[in-house]
Amino acid sequence: MENILQLLSNPIVSAVLMALAPLLFILPYALVTIYIEMKMAAHIQNRLAYMQTGWHGTLQPFADILKLLQKEDIIPTAASKFLFILAPYLVFVGTYSSFAVLPFSSAFIGSNIDLGIFFLIAVSSLVVVGLLMSGWASNNKWSLFGALRSAAQIVSYEIPSALAILGVVMVSGTMSTQEMTHFQDGGIGQWIIFGGNLPLWQKLSLIPFMIILFLIYLVSSMAEVNRTPFDIPEAESELVQGYNTEYSGMKFAIFYLAEYANLFLVSAVVVILFFGGWTSPFGTFLSGPVWGAFWFVTKGMLFVCLNIWLRWTLPRLRVDQLMYVSWKVLTPFALLCVLAIGLIVVM
Amino acid sequence: MLTDFGSILAFLLVGAIFTAGGLIASWLLRPQRPYAQKLSTYECGEEPIGSPRVRFNIRFYVVALIFLVFEVEVVFLFPWALVFKSFGLFAFLEMVVFLAILVVGYAYVWVKGDLEWDKPMPRYTTADDKTITTIFEEQEESVLH
């Protein structure tokens with residue numbers, strides 16, 4: 001027993017255990033979300049989705065994983081083998097290392113660095129490199145076009161999303177995700193979307209700009225995870241599967257898992273930035289480290305479900321519409337909001 | 001003692017090891033029966049035509065360039081955002097000047113039309129257009145004469 005405690009107090013061991021914890025969250029989360037997504041999609045389209053495997057098809061995600069695990073892994077002869085294998089690593093590692101700065105509760109955060117949200121912007125760009133690499137290495141026309149579209153889309157929408165994050169940093173005065181959450185502690189009225197923990201007149205004048213910034217971040221985060229109103233990179237009717245056309249078996253599963261992890265990541269960032277992170281909406285009622293994790297995951301899942309709902313409701317945009325929304329609507333509005341917030345905060 | 005960035009390194013390693021573990025597990029379980037057709041490039045069941053590394057739209061480069069300018073500007077804004085409260089109105093106006101210079105470039109790009117993507121221009125047939133039958137008849141006549 002003492003040996004175990006000693007081992008746990010070793011900084012390297014505890015760091016590795018901290019790094020393993022989000023993985024233990026991501027895996028069940030992905031299974032649940034795949035199930036929720038299929039069921040929601042089905043019910044939106046007035047059908048039932050899978051009903052045969054277990055009660056209402058609840059075992060289907062497990063069956064899917066088992067199937068993917070046994071699938072033959074095909075590396076086309078024309079592909080660049082090294083880059084082809086490296087790409088899923090880059091995509092997953094880029095997504096997973098962003099989980100290091102997510103404060104799941106006041107007691108748990110992978111790494112409480114001061115740069116927090118800035119690190120998140122930087123490291124999630126690794127995903128773009130992975131996508132481009134997979135498209136290029138596949139040596140396939142669909143993959144290359146999908147990867148290029150993906151990269152153009154993600155970098156275009158990174159500007160409005162970074163500006164939205166900037167607006168929140170200006171209000172809270174910190175880039176650490178944990179401190180940002182502490183800034184919003186104390187009930188629903190203290191959340192940044194309602195002006196945060198500032199004097200009353202500043203709060204009231206901030207609310208409209210915060211709501212605009214929230215909508216800007218929501219739209220651009222949906223574009224960054226390449227989901228349906230913005231799924232031009234994988235438009236099935238024109239590009240087969242986009243950048244991962246040539247991938248099969250477990251490598252495809254890794255891309256899929258990274259996509260779902262990314263979905264939670266952007267939803268969690270929305271929660272940290274605008275909806276109080278792990279803080280309870282009722283002030284001190286139902287708050288604490290354990291309830292914190294509950295609120296964080298619940299709020300995150302709400303936005304995941306919003307994403308799924310929008311995905312199965314909206315039609316796909318055209319490429320020129322996509323670029324129009326990013327460069328001519330979101331970016332100017334985000335710049336104006338940043339200026340207005342600066343003026344309000346500095347007064 | 002591990003620094004905060006040490007734990008981020010742990011995250012990078014755990015992510016990579018998890019990916020490797022998944023791939024190794026499937027490598028142990030899966031069948032492996034490759035043949036030439038299975039390993040050929042997928043092009044909807046057809047024989048692949050030419051190299052896939054074809055020329056693509058120049059606008060991808062333009063988007064990348066504009067992105068670079070904006071991203072660098074946003075990176076410069078972040079340190080300012082942390083401290084501008086304590087410096088007051090002066091720091092704010094300073095940043096307004098910085099942004100104004102960027103906005104000039106942004107307006108230039110906008111006016112030049114570099115933010116526009118080629119729109120699909122559907123061409124509708126009009127009453128003056130030749131129908132397929134007339135084209136066919138013309139061809140037939142030119143062959144006969």
# chains A, B, ... in the order shown; residues from 1 in each chain; ligands from 1
>>> closest_atom_pairs(of="chain B", to="chain A", cutoff="8 Å", atoms="only C-alpha atoms", output="Markdown table")
| residue | atom | partner | partner_atom | distance |
| --- | --- | --- | --- | --- |
| B:Met1 | CA | A:Pro11 | CA | 6.3 |
| B:Leu2 | CA | A:Pro11 | CA | 6.2 |
| B:Asp4 | CA | A:Ser111 | CA | 5.4 |
| B:Phe5 | CA | A:Ser111 | CA | 7.2 |
| B:Gly6 | CA | A:Ala15 | CA | 7.9 |
| B:Ser7 | CA | A:Ala15 | CA | 5.4 |
| B:Ile8 | CA | A:Ala100 | CA | 6.2 |
| B:Ala10 | CA | A:Val16 | CA | 5.6 |
| B:Phe11 | CA | A:Ala19 | CA | 5.0 |
| B:Leu12 | CA | A:Ser97 | CA | 5.5 |
| B:Val14 | CA | A:Ala19 | CA | 6.7 |
| B:Gly15 | CA | A:Val93 | CA | 4.9 |
| B:Ala16 | CA | A:Val93 | CA | 5.9 |
| B:Thr19 | CA | A:Tyr89 | CA | 6.2 |
| B:Ala20 | CA | A:Tyr89 | CA | 7.9 |
| B:Gly22 | CA | A:Met250 | CA | 6.8 |
| B:Leu23 | CA | A:Met250 | CA | 5.9 |
| B:Ala25 | CA | A:Leu69 | CA | 7.5 |
| B:Ser26 | CA | A:Leu69 | CA | 4.9 |
| B:Trp27 | CA | A:Asp73 | CA | 8.0 |
| B:Leu29 | CA | A:Gln70 | CA | 5.7 |
| B:Arg30 | CA | A:Gln70 | CA | 4.4 |
| B:Pro31 | CA | A:Glu72 | CA | 5.5 |
| B:Gln32 | CA | A:Glu72 | CA | 6.0 |
| B:Arg33 | CA | A:Glu72 | CA | 7.9 |
| B:Pro34 | CA | A:Ile74 | CA | 7.7 |
| B:Lys38 | CA | A:Ile74 | CA | 7.8 |
| B:Leu39 | CA | A:Pro76 | CA | 4.4 |
| B:Ser40 | CA | A:Pro76 | CA | 5.6 |
| B:Thr41 | CA | A:Pro76 | CA | 5.9 |
| B:Tyr42 | CA | A:Glu246 | CA | 6.9 |
| B:Glu43 | CA | A:Asn140 | CA | 7.7 |
| B:Ser51 | CA | A:Asn139 | CA | 7.9 |
| B:Pro52 | CA | A:Lys141 | CA | 4.7 |
| B:Arg53 | CA | A:Asn139 | CA | 7.1 |
| B:Phe60 | CA | A:Ala152 | CA | 6.3 |
| B:Val63 | CA | A:Ala152 | CA | 6.7 |
| B:Ala64 | CA | A:Ala152 | CA | 7.0 |
| B:Phe67 | CA | A:Ser156 | CA | 6.4 |
| B:Phe70 | CA | A:Ile159 | CA | 6.7 |
| B:Glu71 | CA | A:Ile159 | CA | 6.4 |
| B:Val74 | CA | A:Leu163 | CA | 6.9 |
| B:Leu77 | CA | A:Leu166 | CA | 7.6 |
| B:Phe78 | CA | A:Leu166 | CA | 6.4 |
| B:Ala81 | CA | A:Met170 | CA | 4.8 |
| B:Leu82 | CA | A:Gly173 | CA | 5.0 |
| B:Val83 | CA | A:Gly173 | CA | 7.3 |
| B:Phe84 | CA | A:Val346 | CA | 7.6 |
| B:Lys85 | CA | A:Val346 | CA | 5.7 |
| B:Gly88 | CA | A:Val346 | CA | 5.7 |
| B:Leu89 | CA | A:Val346 | CA | 6.1 |
| B:Phe92 | CA | A:Gly342 | CA | 6.8 |
| B:Val96 | CA | A:Leu339 | CA | 7.6 |
| B:Leu115 | CA | A:Trp327 | CA | 6.7 |
| B:Glu116 | CA | A:Asp320 | CA | 6.8 |
| B:Trp117 | CA | A:Asp320 | CA | 4.7 |
| B:Asp118 | CA | A:Asp320 | CA | 6.5 |
| B:Lys119 | CA | A:Asp320 | CA | 6.0 |
>>> select_by_dssp(residues="segment 181-299 of chain A", states="alpha helix (DSSP H)", output="NGL selection string")
:A and (181-183 or 200-224 or 236-239 or 249-274 or 289-299)
>>> atom_distance(atom1="atom CA of Phe56 of chain B", atom2="atom CA of Ala147 of chain A")
11.9 Å
>>> residues_around(residues="Met51 of chain A", least_positions_apart="2", cutoff="12 Å", atoms="only C-alpha atoms", output="JSON, numbers by chain")
{"A": [35, 38, 39, 42, 47, 48, 49, 53, 54, 55, 56, 57, 58, 59, 60]}
>>> write_last_selection(atoms="N, CA and C atoms", output="short mmCIF file (atom, residue, chain, number, x, y, z; two decimals), in the first residue's frame")
data_model
loop_
_atom_site.label_atom_id
_atom_site.label_comp_id
_atom_site.auth_asym_id
_atom_site.auth_seq_id
_atom_site.Cartn_x
_atom_site.Cartn_y
_atom_site.Cartn_z
N TYR A 35 -23.63 6.79 -30.80
CA TYR A 35 -25.00 6.29 -30.64
C TYR A 35 -26.01 7.44 -30.70
N MET A 38 -26.38 8.82 -34.28
CA MET A 38 -27.16 7.98 -35.19
C MET A 38 -28.65 8.04 -34.86
N LYS A 39 -28.96 8.00 -33.55
CA LYS A 39 -30.36 8.03 -33.16
C LYS A 39 -31.00 9.37 -33.47
N ALA A 42 -31.54 9.69 -37.14
CA ALA A 42 -32.64 8.86 -37.58
C ALA A 42 -33.98 9.49 -37.23
N ARG A 47 -36.95 8.01 -39.04
CA ARG A 47 -36.72 6.57 -39.09
C ARG A 47 -36.16 6.13 -37.74
N LEU A 48 -35.78 4.88 -37.59
CA LEU A 48 -35.47 4.36 -36.26
C LEU A 48 -33.98 4.15 -35.99
N ALA A 49 -33.14 4.07 -37.00
CA ALA A 49 -31.73 3.67 -36.87
C ALA A 49 -31.65 2.25 -36.33
N THR A 53 -29.16 -4.75 -32.46
CA THR A 53 -28.07 -5.10 -31.53
C THR A 53 -28.38 -4.53 -30.15
N GLY A 54 -28.84 -5.37 -29.26
CA GLY A 54 -29.14 -4.93 -27.90
C GLY A 54 -30.40 -4.10 -27.85
N TRP A 55 -30.71 -3.57 -26.65
CA TRP A 55 -31.94 -2.77 -26.47
C TRP A 55 -31.83 -1.50 -27.30
N HIS A 56 -32.71 -1.29 -28.25
CA HIS A 56 -32.69 -0.12 -29.14
C HIS A 56 -31.32 0.11 -29.78
N GLY A 57 -30.61 -0.99 -30.06
CA GLY A 57 -29.33 -0.87 -30.75
C GLY A 57 -28.21 -0.29 -29.93
N THR A 58 -28.30 -0.38 -28.59
CA THR A 58 -27.26 0.25 -27.77
C THR A 58 -25.89 -0.41 -27.93
N LEU A 59 -25.85 -1.66 -28.39
CA LEU A 59 -24.56 -2.34 -28.51
C LEU A 59 -23.89 -2.06 -29.86
N GLN A 60 -24.59 -1.33 -30.72
CA GLN A 60 -24.06 -1.12 -32.07
C GLN A 60 -22.68 -0.44 -32.10
#
